[in-house]
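Everything on this sheet refers to the single structure shown next.
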Amino acid sequence: MFLFLCMVVHAQELSSFIDDDLLARLGKDEKAALLMVHFGTTYDDTRTRTIDAINDKARTAFPQLEVRESYTSRIILRRLKARGISKETPLEAMLRLRADGFTHLIVQSTNIIDGLEMESLRRDVESVRPFFKDIRVGTPLMYSTDDALHVVDILADRIPTNARQREHVLFVGHGTSTPATAIYSEIDYMLKAENHPNYHVATIEGYPTFQNAVQKLKAAKAKTVILAPLMFVAGDHAKNDISQEWKEALEKEGFRVLLHLEGLGEVPAIQDIYLKHIDFLMKHRVLDVMEKKAAYSKQTDK
């Protein structure tokens, strides 16, 4: 039992994974694939710089895996189909992979947080789990404390500011109705804790809100606000909500507003975090909660 507990890796979520090499499990005539799952976008320019870029990067990093993609947004899927562009949902893509003879599968989403989209994805995975010998779901961008700290460093380096001229950066996330919205407050807190007091976070549909951000900006006597999306792609929310509604609202509050409309998926260092999640998942599997309970119980009995 001691050896079993030692196998538990203290990475991402402590004691949640154990060593288990997926490729080493492959038997004769078995093969593995990587399914990249994206919310999607109808903007060709940002898709090239984000979704297509990370898909290509994954193919280069993991040549031993067949790499495919899927989109989760039904609205985006319909709009693309009307333009003659066909994309599959995660469920469709997984069933096609099984039909093509793949037995082992890693599913990696480019979601930012572990919210509703991840819940939906995990339900799809569970529905097809009996069809695969091994299927593993990667974690979103900001899942562990280490992930969040890494993202904070990247954000601060990506958009420099002049504190003397009272320049501030406001990162705008989508937000969610689930408790996962707390990650945005965590990032806001970490930015300040890591000595970046003029960097802030707010959300469109969660917490912190626009008004929370305005209060902080006024309290700091900010003059210029640089708006930037805290989203994988700079799509509809960035081009409409952020660059129009939020910009106009901040200007009415007396701030000079600049735009930095770059999706997180365009940043190589952010792409690398996702690739590290994939690499980690190839060598570890999630420790089932009942396995953890059994291990803890036996350790206590000693």
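Each chain in the structure tokens gets a letter, A, B and so on, in the order shown; residues start at 1 in every chain, and ligands are counted from 1 in the order they appear.
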Polymer residues at most 6 Å from Glu266 (chain A), only C-alpha atoms, same-chain spacing of 2 or more positions, as a list in words: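 Near Glu266 (chain A), the qualifying residues are Arg49, Thr50, Gly263 and Leu264 of chain A.
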Kindly export the residues of the current selection with C-alpha atoms, as a JSON list (two decimals), in the first residue's frame.
[["chain", "number", "residue", "atom", "x", "y", "z"],
["A", 49, "ARG", "CA", -4.04, 31.93, -35.00],
["A", 50, "THR", "CA", -5.62, 29.90, -32.19],
["A", 263, "GLY", "CA", -7.07, 35.56, -27.79],
["A", 264, "LEU", "CA", -5.15, 33.52, -25.23]]
Give me, as JSON lines, each residue of region 80-175 of chain A that comes within 10 Å of region 275-290 of chain A, together with its shortest interatomic pair and the distance in Å at one decimal, counting only C-alpha atoms, with rows ordered by chain and rising residue number.
{"residue": "A:Leu105", "atom": "CA", "partner": "A:Met282", "partner_atom": "CA", "distance": 9.5}
{"residue": "A:Ile106", "atom": "CA", "partner": "A:Met282", "partner_atom": "CA", "distance": 7.5}
{"residue": "A:Val107", "atom": "CA", "partner": "A:Ile278", "partner_atom": "CA", "distance": 8.4}
{"residue": "A:Gln108", "atom": "CA", "partner": "A:Ile278", "partner_atom": "CA", "distance": 6.7}
{"residue": "A:Ser109", "atom": "CA", "partner": "A:Ile278", "partner_atom": "CA", "distance": 9.8}
{"residue": "A:Asp134", "atom": "CA", "partner": "A:Arg285", "partner_atom": "CA", "distance": 9.5}
{"residue": "A:Ile135", "atom": "CA", "partner": "A:Arg285", "partner_atom": "CA", "distance": 9.3}
{"residue": "A:Arg136", "atom": "CA", "partner": "A:Arg285", "partner_atom": "CA", "distance": 7.0}
{"residue": "A:Val137", "atom": "CA", "partner": "A:Leu281", "partner_atom": "CA", "distance": 7.8}
{"residue": "A:Gly138", "atom": "CA", "partner": "A:His277", "partner_atom": "CA", "distance": 6.2}
{"residue": "A:Thr139", "atom": "CA", "partner": "A:His277", "partner_atom": "CA", "distance": 6.7}
{"residue": "A:Pro140", "atom": "CA", "partner": "A:His277", "partner_atom": "CA", "distance": 8.3}
{"residue": "A:Leu141", "atom": "CA", "partner": "A:His277", "partner_atom": "CA", "distance": 8.5}
{"residue": "A:Asp147", "atom": "CA", "partner": "A:His277", "partner_atom": "CA", "distance": 9.8}
Could those selected residues go to a file with N, CA and C atoms, as a CSV table (one decimal), in the first residue's frame?
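Final output, saved to selection.csv:
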chain,number,residue,atom,x,y,z
A,105,LEU,N,-7.9,6.8,-26.2
A,105,LEU,CA,-8.2,8.2,-26.6
A,105,LEU,C,-7.9,9.2,-25.5
A,106,ILE,N,-7.2,10.3,-25.8
A,106,ILE,CA,-7.1,11.4,-25.0
A,106,ILE,C,-7.9,12.6,-25.5
A,107,VAL,N,-8.7,13.2,-24.6
A,107,VAL,CA,-9.6,14.3,-25.0
A,107,VAL,C,-9.1,15.5,-24.3
A,108,GLN,N,-8.7,16.5,-25.1
A,108,GLN,CA,-8.1,17.8,-24.5
A,108,GLN,C,-8.9,19.0,-25.0
A,109,SER,N,-9.6,19.6,-24.1
A,109,SER,CA,-10.3,20.8,-24.4
A,109,SER,C,-9.5,22.1,-24.3
A,134,ASP,N,-9.4,2.7,-23.2
A,134,ASP,CA,-8.9,3.7,-22.3
A,134,ASP,C,-9.2,5.1,-22.9
A,135,ILE,N,-9.9,5.9,-22.1
A,135,ILE,CA,-10.2,7.3,-22.6
A,135,ILE,C,-9.9,8.2,-21.4
A,136,ARG,N,-9.2,9.3,-21.7
A,136,ARG,CA,-8.8,10.2,-20.6
A,136,ARG,C,-9.1,11.6,-21.0
A,137,VAL,N,-9.6,12.4,-20.1
A,137,VAL,CA,-9.9,13.8,-20.3
A,137,VAL,C,-9.0,14.7,-19.7
A,138,GLY,N,-8.4,15.6,-20.5
A,138,GLY,CA,-7.4,16.6,-19.9
A,138,GLY,C,-8.1,17.7,-19.2
A,139,THR,N,-7.3,18.4,-18.4
A,139,THR,CA,-7.9,19.6,-17.6
A,139,THR,C,-7.8,20.8,-18.5
A,140,PRO,N,-8.7,21.8,-18.2
A,140,PRO,CA,-8.6,23.1,-18.9
A,140,PRO,C,-7.4,23.9,-18.5
A,141,LEU,N,-7.3,25.1,-19.1
A,141,LEU,CA,-6.1,25.9,-19.0
A,141,LEU,C,-5.8,26.3,-17.5
A,147,ASP,N,-1.2,26.1,-12.6
A,147,ASP,CA,-1.7,26.6,-13.8
A,147,ASP,C,-2.0,28.1,-13.7
Region 197-246 of chain A: residues DSSP assigns to alpha helix (DSSP H), reported as an mmCIF file with N, CA and C atoms, in the first residue's frame:
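Writing the result to result_33.cif gives the following:
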data_model
loop_
_atom_site.group_PDB
_atom_site.id
_atom_site.type_symbol
_atom_site.label_atom_id
_atom_site.label_comp_id
_atom_site.auth_asym_id
_atom_site.auth_seq_id
_atom_site.Cartn_x
_atom_site.Cartn_y
_atom_site.Cartn_z
ATOM 1 N N PHE A 210 -18.488 43.871 -14.209
ATOM 2 C CA PHE A 210 -18.013 45.141 -14.759
ATOM 3 C C PHE A 210 -17.939 46.213 -13.672
ATOM 4 N N GLN A 211 -18.963 46.285 -12.835
ATOM 5 C CA GLN A 211 -18.990 47.297 -11.779
ATOM 6 C C GLN A 211 -17.876 47.067 -10.754
ATOM 7 N N ASN A 212 -17.587 45.796 -10.463
ATOM 8 C CA ASN A 212 -16.457 45.507 -9.565
ATOM 9 C C ASN A 212 -15.175 46.093 -10.124
ATOM 10 N N ALA A 213 -14.979 45.928 -11.436
ATOM 11 C CA ALA A 213 -13.776 46.425 -12.093
ATOM 12 C C ALA A 213 -13.713 47.947 -12.058
ATOM 13 N N VAL A 214 -14.839 48.586 -12.327
ATOM 14 C CA VAL A 214 -14.886 50.054 -12.313
ATOM 15 C C VAL A 214 -14.513 50.594 -10.932
ATOM 16 N N GLN A 215 -15.016 49.958 -9.888
ATOM 17 C CA GLN A 215 -14.693 50.385 -8.525
ATOM 18 C C GLN A 215 -13.193 50.297 -8.261
ATOM 19 N N LYS A 216 -12.568 49.211 -8.705
ATOM 20 C CA LYS A 216 -11.129 49.051 -8.502
ATOM 21 C C LYS A 216 -10.334 50.070 -9.308
ATOM 22 N N LEU A 217 -10.749 50.308 -10.539
ATOM 23 C CA LEU A 217 -10.048 51.261 -11.400
ATOM 24 C C LEU A 217 -10.131 52.677 -10.827
ATOM 25 N N LYS A 218 -11.286 53.041 -10.325
ATOM 26 C CA LYS A 218 -11.450 54.379 -9.743
ATOM 27 C C LYS A 218 -10.670 54.508 -8.442
ATOM 28 N N ALA A 219 -10.684 53.452 -7.650
ATOM 29 C CA ALA A 219 -9.938 53.479 -6.391
ATOM 30 C C ALA A 219 -8.441 53.618 -6.643
ATOM 31 N N ASP A 236 -16.691 36.680 -31.041
ATOM 32 C CA ASP A 236 -17.834 37.589 -30.887
ATOM 33 C C ASP A 236 -17.763 38.432 -29.622
#
Residue neighbourhood Leu250 (chain A), 9 Å, only C-alpha atoms, exclusion window fewer than 6 positions, as an MDAnalysis selection string: chainID A and resid 214 225 256:257
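Taking CA of Ser185 (chain A) as the reference point, CA of Pro208 (chain A) is found at 6.4 Å.
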